Structures are given as C-alpha cells and as structure tokens.
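K.L.:
So that you have it, the file is run-v1.pdb, and it contains PDB, C-alpha atoms:
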ATOM      1  CA  MET A  23     -22.389  -7.428   0.851
ATOM      2  CA  ASP A  24     -18.808  -8.465   0.167
ATOM      3  CA  GLU A  25     -17.208  -6.036   2.615
ATOM      4  CA  PRO A  26     -17.711  -8.189   5.742
ATOM      5  CA  VAL A  27     -16.253 -11.188   3.905
ATOM      6  CA  VAL A  28     -13.222  -9.185   2.806
ATOM      7  CA  LEU A  29     -12.776  -7.886   6.356
ATOM      8  CA  PHE A  30     -12.960 -11.465   7.600
ATOM      9  CA  ALA A  31     -10.197 -12.482   5.147
ATOM     10  CA  ASN A  32      -8.175  -9.515   6.393
ATOM     11  CA  GLU A  33      -8.690 -10.601   9.990
ATOM     12  CA  ALA A  34      -7.578 -14.130   9.073
ATOM     13  CA  PHE A  35      -4.342 -12.651   7.726
ATOM     14  CA  TYR A  36      -3.614 -10.951  11.049
ATOM     15  CA  LEU A  37      -4.602 -14.046  13.030
ATOM     16  CA  ALA A  38      -2.100 -16.098  10.997
ATOM     17  CA  PHE A  39       0.506 -13.372  11.579
ATOM     18  CA  ALA A  40      -0.173 -13.143  15.320
ATOM     19  CA  GLY A  41      -0.309 -16.947  15.651
ATOM     20  CA  ARG A  42       2.919 -17.404  13.673
ATOM     21  CA  ASP A  43       0.925 -19.891  11.609
ATOM     22  CA  TYR A  44       2.790 -20.357   8.345
ATOM     23  CA  PRO A  45       0.381 -22.896   6.784
ATOM     24  CA  ALA A  46      -2.510 -20.499   7.441
ATOM     25  CA  MET A  47      -0.485 -17.596   6.015
ATOM     26  CA  ASP A  48       0.325 -19.678   2.939
ATOM     27  CA  ALA A  49      -3.364 -20.495   2.460
ATOM     28  CA  ILE A  50      -4.357 -16.837   2.798
ATOM     29  CA  TRP A  51      -2.123 -15.706  -0.072
ATOM     30  CA  SER A  52      -3.283 -16.161  -3.661
ATOM     31  CA  ARG A  53      -1.689 -19.021  -5.604
ATOM     32  CA  ARG A  54      -0.758 -16.547  -8.353
ATOM     33  CA  PRO A  55       2.982 -16.404  -8.947
ATOM     34  CA  SER A  56       2.717 -12.617  -9.359
ATOM     35  CA  VAL A  57       1.876 -11.640  -5.753
ATOM     36  CA  THR A  58       3.816  -8.782  -4.162
ATOM     37  CA  CYS A  59       4.629  -7.532  -0.663
ATOM     38  CA  ILE A  60       6.265  -4.486   0.911
ATOM     39  CA  HIS A  61       7.178  -5.038   4.563
ATOM     40  CA  PRO A  62       7.948  -1.932   6.666
ATOM     41  CA  GLY A  63      11.392  -0.695   5.687
ATOM     42  CA  TRP A  64      11.935  -3.488   3.163
ATOM     43  CA  ARG A  65      12.288  -3.243  -0.570
ATOM     44  CA  ALA A  66       9.344  -4.573  -2.563
ATOM     45  CA  LEU A  67       9.196  -8.345  -2.863
ATOM     46  CA  ILE A  68       7.908  -9.559  -6.220
ATOM     47  CA  GLY A  69       6.668 -13.085  -6.809
ATOM     48  CA  ARG A  70       5.101 -15.734  -4.587
ATOM     49  CA  GLU A  71       8.344 -17.497  -3.789
ATOM     50  CA  ALA A  72      10.021 -14.331  -2.470
ATOM     51  CA  VAL A  73       6.904 -13.239  -0.601
ATOM     52  CA  MET A  74       6.302 -16.569   1.140
ATOM     53  CA  LYS A  75       9.997 -16.930   1.955
ATOM     54  CA  SER A  76       9.768 -13.580   3.764
ATOM     55  CA  TRP A  77       6.733 -14.741   5.741
ATOM     56  CA  ARG A  78       8.447 -17.985   6.638
ATOM     57  CA  ALA A  79      11.384 -15.971   8.015
ATOM     58  CA  ILE A  80       9.157 -13.511   9.876
ATOM     59  CA  LEU A  81       6.884 -16.143  11.414
ATOM     60  CA  ASP A  82       9.777 -18.449  12.320
ATOM     61  CA  SER A  83      11.742 -15.673  14.008
ATOM     62  CA  PRO A  84      11.765 -15.562  17.813
ATOM     63  CA  ASP A  85      11.586 -11.779  17.350
ATOM     64  CA  SER A  86       8.380 -12.042  15.329
ATOM     65  CA  PRO A  87       6.246  -9.201  16.696
ATOM     66  CA  ARG A  88       2.862  -9.551  18.312
ATOM     67  CA  ILE A  89       0.283  -7.775  16.213
ATOM     68  CA  VAL A  90      -3.296  -6.574  16.358
ATOM     69  CA  CYS A  91      -5.285  -5.075  13.471
ATOM     70  CA  ARG A  92      -7.591  -2.131  14.117
ATOM     71  CA  ASN A  93      -9.735   0.361  12.180
ATOM     72  CA  ALA A  94      -9.996  -1.800   9.064
ATOM     73  CA  VAL A  95     -11.884  -0.286   6.142
ATOM     74  CA  ALA A  96     -12.677  -2.379   3.051
ATOM     75  CA  ARG A  97     -13.316  -1.267  -0.510
ATOM     76  CA  VAL A  98     -14.759  -3.874  -2.862
ATOM     77  CA  LEU A  99     -14.284  -3.268  -6.596
ATOM     78  CA  GLY A 100     -15.841  -6.265  -8.315
ATOM     79  CA  ASP A 101     -13.479  -9.215  -8.014
ATOM     80  CA  VAL A 102     -10.743  -7.125  -6.382
ATOM     81  CA  ALA A 103     -10.867  -5.527  -2.964
ATOM     82  CA  TYR A 104      -8.499  -3.702  -0.705
ATOM     83  CA  VAL A 105      -8.395  -3.047   2.998
ATOM     84  CA  ILE A 106      -6.611  -0.251   4.778
ATOM     85  CA  CYS A 107      -6.029  -0.740   8.456
ATOM     86  CA  CYS A 108      -3.868   0.076  11.420
ATOM     87  CA  GLU A 109      -1.406  -2.517  12.750
ATOM     88  CA  ILE A 110      -0.543  -2.243  16.428
ATOM     89  CA  ILE A 111       2.748  -4.036  16.953
ATOM     90  CA  SER A 112       4.899  -4.253  20.027
ATOM     91  CA  ASN A 113       7.569  -2.150  18.332
ATOM     92  CA  GLY A 114       5.347   0.452  16.697
ATOM     93  CA  VAL A 115       2.210   1.403  14.867
ATOM     94  CA  PHE A 116       1.856   0.823  11.154
ATOM     95  CA  ALA A 117      -0.630   1.667   8.430
ATOM     96  CA  ALA A 118      -1.302  -1.107   5.953
ATOM     97  CA  THR A 119      -2.834  -1.731   2.564
ATOM     98  CA  ASN A 120      -3.966  -5.285   1.800
ATOM     99  CA  VAL A 121      -5.177  -6.100  -1.712
ATOM    100  CA  PHE A 122      -7.397  -9.159  -2.201
ATOM    101  CA  ILE A 123      -8.707 -11.024  -5.240
ATOM    102  CA  ARG A 124     -11.680 -13.359  -5.526
ATOM    103  CA  GLU A 125     -10.173 -16.805  -6.018
ATOM    104  CA  ASP A 126     -11.616 -20.307  -5.547
ATOM    105  CA  GLY A 127     -14.760 -18.896  -3.980
ATOM    106  CA  GLY A 128     -12.910 -16.846  -1.389
ATOM    107  CA  TRP A 129     -10.807 -13.693  -1.065
ATOM    108  CA  LYS A 130      -7.060 -14.226  -1.319
ATOM    109  CA  LEU A 131      -4.286 -11.754  -0.589
ATOM    110  CA  ILE A 132      -2.247 -10.607  -3.592
ATOM    111  CA  HIS A 133      -0.434  -7.597  -2.135
ATOM    112  CA  HIS A 134       0.464  -6.253   1.301
ATOM    113  CA  GLN A 135       2.211  -3.037   2.243
ATOM    114  CA  ALA A 136       2.798  -1.780   5.752
ATOM    115  CA  GLY A 137       4.649   1.330   6.859
ATOM    116  CA  ALA A 138       5.181   3.358   9.995
ATOM    117  CA  SER A 139       2.241   5.515  11.023
ATOM    118  CA  PRO A 140       1.746   7.903  13.918
ATOM    119  CA  LEU A 141      -1.041   7.398  16.382
ATOM    120  CA  PRO A 142      -1.812   9.629  19.360
ATOM    121  CA  LEU A 143       0.162   8.269  22.297
ATOM    122  CA  SER A 144      -2.967   7.833  24.404
ATOM    123  CA  GLU A 145      -4.627   5.727  21.741
ATOM    124  CA  THR A 146      -1.437   3.775  21.088
ATOM    125  CA  GLY A 147      -1.153   3.042  24.771
ATOM    126  CA  SER A 148      -4.649   1.649  25.106
ATOM    127  CA  LEU A 149      -4.243  -0.388  21.946
ATOM    128  CA  ARG A 150      -0.878  -1.712  23.060
ATOM    129  CA  ASP A 151      -2.562  -2.917  26.228
ATOM    130  CA  GLN A 152      -4.452  -5.312  24.010
ATOM    131  CA  LEU A 153      -1.173  -6.981  23.065
ATOM    132  CA  GLN A 154      -0.474  -7.930  26.640
TER     133      GLN A 154
ATOM    134  CA  MET B  26      -1.966  -5.009 -22.983
ATOM    135  CA  ASP B  27      -3.225  -2.784 -20.172
ATOM    136  CA  GLU B  28       0.005  -2.740 -18.215
ATOM    137  CA  PRO B  29       1.703   0.010 -20.257
ATOM    138  CA  VAL B  30      -1.412   2.173 -19.941
ATOM    139  CA  VAL B  31      -1.510   1.677 -16.178
ATOM    140  CA  LEU B  32       2.199   2.491 -15.943
ATOM    141  CA  PHE B  33       1.530   5.631 -17.969
ATOM    142  CA  ALA B  34      -1.202   6.662 -15.512
ATOM    143  CA  ASN B  35       1.243   5.978 -12.675
ATOM    144  CA  GLU B  36       3.865   8.137 -14.376
ATOM    145  CA  ALA B  37       1.289  10.920 -14.785
ATOM    146  CA  PHE B  38       0.698  10.806 -11.028
ATOM    147  CA  TYR B  39       4.399  11.377 -10.333
ATOM    148  CA  LEU B  40       4.643  14.090 -12.986
ATOM    149  CA  ALA B  41       1.774  15.938 -11.301
ATOM    150  CA  PHE B  42       3.497  15.439  -7.933
ATOM    151  CA  ALA B  43       6.894  16.616  -9.202
ATOM    152  CA  GLY B  44       5.341  19.523 -11.084
ATOM    153  CA  ARG B  45       3.236  20.565  -8.075
ATOM    154  CA  ASP B  46       0.299  20.538 -10.472
ATOM    155  CA  TYR B  47      -2.841  20.343  -8.366
ATOM    156  CA  PRO B  48      -5.356  20.367 -11.270
ATOM    157  CA  ALA B  49      -3.470  17.448 -12.864
ATOM    158  CA  MET B  50      -3.388  15.635  -9.504
ATOM    159  CA  ASP B  51      -7.106  16.221  -9.077
ATOM    160  CA  ALA B  52      -7.787  14.809 -12.558
ATOM    161  CA  ILE B  53      -5.650  11.728 -11.860
ATOM    162  CA  TRP B  54      -7.690  10.709  -8.815
ATOM    163  CA  SER B  55     -10.980   8.880  -9.267
ATOM    164  CA  ARG B  56     -14.144  10.935  -8.743
ATOM    165  CA  ARG B  57     -15.366   8.313  -6.258
ATOM    166  CA  PRO B  58     -15.962   9.767  -2.812
ATOM    167  CA  SER B  59     -14.436   6.615  -1.282
ATOM    168  CA  VAL B  60     -10.791   7.077  -2.330
ATOM    169  CA  THR B  61      -8.090   6.605   0.290
ATOM    170  CA  CYS B  62      -4.459   7.624   0.818
ATOM    171  CA  ILE B  63      -1.667   6.846   3.268
ATOM    172  CA  HIS B  64       1.200   9.338   3.059
ATOM    173  CA  PRO B  65       4.521   8.321   4.661
ATOM    174  CA  GLY B  66       4.144   8.642   8.413
ATOM    175  CA  TRP B  67       0.550   9.876   8.173
ATOM    176  CA  ARG B  68      -2.584   8.199   9.369
ATOM    177  CA  ALA B  69      -4.848   6.865   6.628
ATOM    178  CA  LEU B  70      -6.963   9.484   4.892
ATOM    179  CA  ILE B  71     -10.429   8.277   3.946
ATOM    180  CA  GLY B  72     -12.612  10.033   1.417
ATOM    181  CA  ARG B  73     -11.923  12.230  -1.589
ATOM    182  CA  GLU B  74     -12.224  15.513   0.289
ATOM    183  CA  ALA B  75      -9.588  14.559   2.867
ATOM    184  CA  VAL B  76      -7.299  13.037   0.253
ATOM    185  CA  MET B  77      -7.384  16.007  -2.121
ATOM    186  CA  LYS B  78      -7.012  18.450   0.770
ATOM    187  CA  SER B  79      -3.774  16.642   1.671
ATOM    188  CA  TRP B  80      -2.504  16.905  -1.901
ATOM    189  CA  ARG B  81      -3.392  20.595  -2.016
ATOM    190  CA  ALA B  82      -1.313  21.131   1.141
ATOM    191  CA  ILE B  83       1.606  19.019  -0.110
ATOM    192  CA  LEU B  84       1.742  20.560  -3.584
ATOM    193  CA  ASP B  85       1.290  24.120  -2.285
ATOM    194  CA  SER B  86       4.045  23.751   0.306
ATOM    195  CA  PRO B  87       7.411  25.361  -0.416
ATOM    196  CA  ASP B  88       8.861  22.225   1.209
ATOM    197  CA  SER B  89       7.108  19.958  -1.285
ATOM    198  CA  PRO B  90       9.787  17.410  -2.157
ATOM    199  CA  ARG B  91      11.161  16.712  -5.585
ATOM    200  CA  ILE B  92      10.289  13.196  -6.610
ATOM    201  CA  VAL B  93      11.169  10.604  -9.240
ATOM    202  CA  CYS B  94       9.450   7.218  -9.682
ATOM    203  CA  ARG B  95      11.574   4.169 -10.525
ATOM    204  CA  ASN B  96      11.189   0.384 -10.862
ATOM    205  CA  ALA B  97       7.432   0.503 -11.398
ATOM    206  CA  VAL B  98       5.705  -2.867 -11.754
ATOM    207  CA  ALA B  99       2.023  -3.062 -12.733
ATOM    208  CA  ARG B 100      -0.510  -5.801 -12.046
ATOM    209  CA  VAL B 101      -3.784  -5.595 -13.963
ATOM    210  CA  LEU B 102      -6.758  -7.484 -12.494
ATOM    211  CA  GLY B 103      -9.675  -6.772 -14.834
ATOM    212  CA  ASP B 104     -10.941  -3.261 -14.146
ATOM    213  CA  VAL B 105      -8.616  -2.761 -11.188
ATOM    214  CA  ALA B 106      -4.841  -2.488 -11.283
ATOM    215  CA  TYR B 107      -2.077  -1.695  -8.898
ATOM    216  CA  VAL B 108       1.470  -0.484  -9.296
ATOM    217  CA  ILE B 109       4.311  -0.913  -6.865
ATOM    218  CA  CYS B 110       7.256   1.375  -7.358
ATOM    219  CA  CYS B 111      10.142   3.157  -5.740
ATOM    220  CA  GLU B 112       9.936   6.879  -5.017
ATOM    221  CA  ILE B 113      13.224   8.736  -4.925
ATOM    222  CA  ILE B 114      12.673  11.920  -2.964
ATOM    223  CA  SER B 115      15.161  14.517  -1.846
ATOM    224  CA  ASN B 116      14.633  13.489   1.769
ATOM    225  CA  GLY B 117      14.550   9.722   1.350
ATOM    226  CA  VAL B 118      13.565   6.659  -0.575
ATOM    227  CA  PHE B 119      10.054   5.274  -0.354
ATOM    228  CA  ALA B 120       8.187   2.210  -1.574
ATOM    229  CA  ALA B 121       4.697   2.847  -2.878
ATOM    230  CA  THR B 122       1.494   1.060  -3.780
ATOM    231  CA  ASN B 123      -0.862   2.830  -6.175
ATOM    232  CA  VAL B 124      -4.272   1.280  -6.860
ATOM    233  CA  PHE B 125      -6.101   2.285 -10.050
ATOM    234  CA  ILE B 126      -9.604   1.671 -11.376
ATOM    235  CA  ARG B 127     -10.887   1.822 -14.954
ATOM    236  CA  GLU B 128     -13.061   4.932 -15.064
ATOM    237  CA  ASP B 129     -14.311   7.047 -17.973
ATOM    238  CA  GLY B 130     -12.117   5.146 -20.422
ATOM    239  CA  GLY B 131      -8.931   5.673 -18.443
ATOM    240  CA  TRP B 132      -7.216   4.504 -15.272
ATOM    241  CA  LYS B 133      -7.838   6.614 -12.197
ATOM    242  CA  LEU B 134      -6.116   6.460  -8.828
ATOM    243  CA  ILE B 135      -8.240   5.260  -5.930
ATOM    244  CA  HIS B 136      -5.566   4.537  -3.308
ATOM    245  CA  HIS B 137      -1.957   5.509  -2.663
ATOM    246  CA  GLN B 138       0.364   4.369   0.096
ATOM    247  CA  ALA B 139       4.023   5.288   0.433
ATOM    248  CA  GLY B 140       6.448   4.348   3.197
ATOM    249  CA  ALA B 141      10.158   4.490   3.899
ATOM    250  CA  SER B 142      12.209   1.878   2.082
ATOM    251  CA  PRO B 143      15.908   1.131   2.130
ATOM    252  CA  LEU B 144      17.918   1.229  -1.062
ATOM    253  CA  PRO B 145      21.626   0.473  -1.369
ATOM    254  CA  LEU B 146      23.477   3.733  -0.862
ATOM    255  CA  SER B 147      25.200   3.476  -4.238
ATOM    256  CA  GLU B 148      21.911   3.080  -6.043
ATOM    257  CA  THR B 149      20.291   5.818  -3.976
ATOM    258  CA  GLY B 150      23.128   8.153  -4.857
ATOM    259  CA  SER B 151      22.870   7.600  -8.576
ATOM    260  CA  LEU B 152      19.106   7.941  -8.457
ATOM    261  CA  ARG B 153      19.302  11.080  -6.353
ATOM    262  CA  ASP B 154      21.543  12.553  -9.046
ATOM    263  CA  GLN B 155      18.490  12.422 -11.289
ATOM    264  CA  LEU B 156      16.757  14.891  -8.995
ATOM    265  CA  GLN B 157      19.416  17.512  -9.591
TER     266      GLN B 157
END
Spell out the structure here as structure tokens.
P.N.:
Amino acid sequence: MDEPVVLFANEAFYLAFAGRDYPAMDAIWSRRPSVTCIHPGWRALIGREAVMKSWRAILDSPDSPRIVCRNAVARVLGDVAYVICCEIISNGVFAATNVFIREDGGWKLIHHQAGASPLPLSETGSLRDQLQ
Amino acid sequence: MDEPVVLFANEAFYLAFAGRDYPAMDAIWSRRPSVTCIHPGWRALIGREAVMKSWRAILDSPDSPRIVCRNAVARVLGDVAYVICCEIISNGVFAATNVFIREDGGWKLIHHQAGASPLPLSETGSLRDQLQ
C-alpha cells in the first residue's frame, strides 16, 4: 500500500513548486549528494548542490510558471519508486518522471525529468483553466 | 560494483535502438506488464503492450533515427537503478532517464523517458560526426 504515499510525496513536490516554497522543495529532495535533475530543455544536473541551486533560481524567478500535476501513476519497487505524470504549466504541457527513495521513514525525491508532451487541445484547455 | 553492469545494460538498449533490433529491444525490457515509456513529445505509454508496440513502430520505420548514447551516469539503489544520459540523434540532442530493475540475474529496463536537451553547438557537431 505504498502507492498512495508515493503519490502524496509527488503531490507535495508540485505543491512546493506551485507555491514557490524553496524550504519545502529542499525538504522534499533526498539528502544524498548524488541526486539528479533534468529540467525541460536543460542539460542534466548532477549532484545536490547543482540541483537545489536550479530550484532556488526557478522558484525565486518572477517568471516561475504556475503548475498543476495530473494523471500521476506510481510504481513502487521495494525502497525505490517512480511516478510518471503530466505537468500542466502556463507555457505548455510536460510529461515527467519523478524517482523517489525511502529515506528517514518517508519518500524523498532523487531524480526528476520533465519534457514537452502533447495533449489534445481540448484537454489542455480545460486543464489550463485550473491554473487560473 | 553494479554500476558498470547497469551501464552495460544501458548501452545494450542503445545498440538495439541503433541496430533497429526489435528482438533485442524486447529482451532488454522487463517482462513486467507495468513498464512505462515517455518518448520525446509523446504522451506517457503505460503497460508493456503499449510500450513494445511503440518500439516496434519506431524500429520498423524507415525514418527511425540513428542514435548514439553519451555521458551516461548510473545510480544503483539496491535492486533498482537508473541511468541519465545524452542521446545524440540525427534530428537533435536529447536527455534521457532509463530506469532498470534486477530481474532474472540481469538488469532490465522498466521505464524510459527522453526529451529535447540543448548541447553546445561545437560539442553537438563533434558528436554528430560519430553518427556518420
């Protein structure tokens, strides 16, 4: 019954993103120095310092996009889990992979990748309404 | 010392892709029905049937791109591992996440995501030369 807990951790990630809440984002990521992140159109970031620096810049930016997560599906594989989901952002729709690890009694993010994804315009429109 | 073995499995994935070798691609993917895949610009594919159908279409297509994998970095987390790497394709450069699971004594792919990624033009050029 770990899937709902992993999905909750995934939702917390998007709430921190949407709320531009850097302390929450920092707490969501694993303390491991080896975490990784691939933002849409960025090169891969390797290491916690580089990853958190990117989040600081994104969350501090006045252009930081509004974001909603939809259609999340979790796969739990022992002490590792991943979620694939759809990110509805004001400037586009993205597909994402979020990899979590069991750490300190919870699920912590160790890798995130998001990239452009098509969605039928009708569906995009109704989902974008939720950003308003 | 699992990292080299995971990187070898990752390399086998790209060799199957480059060689348009569907049986090899089929063998590389886990037998689990729950595997997932996000091709660049596609919506997420969920389930082995949908994922392998996509690979059949990609590998059978005369437009199937040539591909080389570079800068692969592996993270092993017990019986799960993931690789992030750069895909140099004739029509662009992509960043990828490949998630593997220990299965039948080897490492099998359970999730793949690739998305557009920038690379300095000079580096892209020299890497694209390797596709010739």
K.L.:
Can you work out which residues from chain B touch chain A at a cut-off of 6 Å (counting only C-alpha atoms) and hand them back as a PDB file with C-alpha atoms, in the coordinates of the input?
P.N.:
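As a result, part-v5.pdb now contains:
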ATOM      1  CA  GLY B  66       4.144   8.642   8.413  1.00  0.00           C
ATOM      2  CA  TRP B  67       0.550   9.876   8.173  1.00  0.00           C
ATOM      3  CA  ARG B  68      -2.584   8.199   9.369  1.00  0.00           C
ATOM      4  CA  GLY B 140       6.448   4.348   3.197  1.00  0.00           C
ATOM      5  CA  ALA B 141      10.158   4.490   3.899  1.00  0.00           C
ATOM      6  CA  SER B 142      12.209   1.878   2.082  1.00  0.00           C
TER       7      SER B 142
END
K.L.:
One decimal, in Å: what's the spacing between CA of Ala82 in chain B and CA of Val30 in chain B?
P.N.:
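It comes out at 28.4 Å.
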K.L.:
Report, in Å with one decimal, the straight-line distance from CA of Phe30 in chain A to CA of Asp43 in chain A.
P.N.:
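For CA of Phe30 in chain A relative to CA of Asp43 in chain A, the distance reads 16.7 Å.
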K.L.:
What is the CA of Glu128 in chain B-CA of Ser89 in chain B distance in Å, reported with one decimal?
P.N.:
28.7 Å
K.L.:
List the residues selected by the PyMOL selection byres ((chain B and resi 28) around 8) in the file shown, writing them as a compact mmCIF listing (two decimals) with C-alpha atoms, keeping the file's coordinate frame.
P.N.:
# COMPACT_ATOMS: atom_id res chain seq x y z
CA MET B 26 -1.97 -5.01 -22.98
CA ASP B 27 -3.22 -2.78 -20.17
CA PRO B 29 1.70 0.01 -20.26
CA VAL B 30 -1.41 2.17 -19.94
CA VAL B 31 -1.51 1.68 -16.18
CA LEU B 32 2.20 2.49 -15.94
CA ALA B 99 2.02 -3.06 -12.73
CA ARG B 100 -0.51 -5.80 -12.05
CA VAL B 101 -3.78 -5.60 -13.96
K.L.:
If I put a ball of radius 10 Å at (7.7, 19.5, -7.5) in the file's coordinates, which residues poke into it when counting all atoms listed in the file, written as a PDB file with C-alpha atoms, keeping the file's coordinate frame?
P.N.:
ATOM      1  CA  TYR B  39       4.399  11.377 -10.333  1.00  0.00           C
ATOM      2  CA  LEU B  40       4.643  14.090 -12.986  1.00  0.00           C
ATOM      3  CA  ALA B  41       1.774  15.938 -11.301  1.00  0.00           C
ATOM      4  CA  PHE B  42       3.497  15.439  -7.933  1.00  0.00           C
ATOM      5  CA  ALA B  43       6.894  16.616  -9.202  1.00  0.00           C
ATOM      6  CA  GLY B  44       5.341  19.523 -11.084  1.00  0.00           C
ATOM      7  CA  ARG B  45       3.236  20.565  -8.075  1.00  0.00           C
ATOM      8  CA  ASP B  46       0.299  20.538 -10.472  1.00  0.00           C
ATOM      9  CA  ILE B  83       1.606  19.019  -0.110  1.00  0.00           C
ATOM     10  CA  LEU B  84       1.742  20.560  -3.584  1.00  0.00           C
ATOM     11  CA  ASP B  85       1.290  24.120  -2.285  1.00  0.00           C
ATOM     12  CA  SER B  86       4.045  23.751   0.306  1.00  0.00           C
ATOM     13  CA  PRO B  87       7.411  25.361  -0.416  1.00  0.00           C
ATOM     14  CA  ASP B  88       8.861  22.225   1.209  1.00  0.00           C
ATOM     15  CA  SER B  89       7.108  19.958  -1.285  1.00  0.00           C
ATOM     16  CA  PRO B  90       9.787  17.410  -2.157  1.00  0.00           C
ATOM     17  CA  ARG B  91      11.161  16.712  -5.585  1.00  0.00           C
ATOM     18  CA  ILE B  92      10.289  13.196  -6.610  1.00  0.00           C
ATOM     19  CA  VAL B  93      11.169  10.604  -9.240  1.00  0.00           C
TER      20      VAL B  93
END
K.L.:
Got a sec: who's within 10 Å of Ala31 in chain A, counting only C-alpha atoms, leaving out chain neighbours fewer than 6 positions off, as a list in words?
P.N.:
Glu25, Leu37, Ile50, Val105, Phe122, Gly128, Trp129, Lys130 and Leu131 of chain A
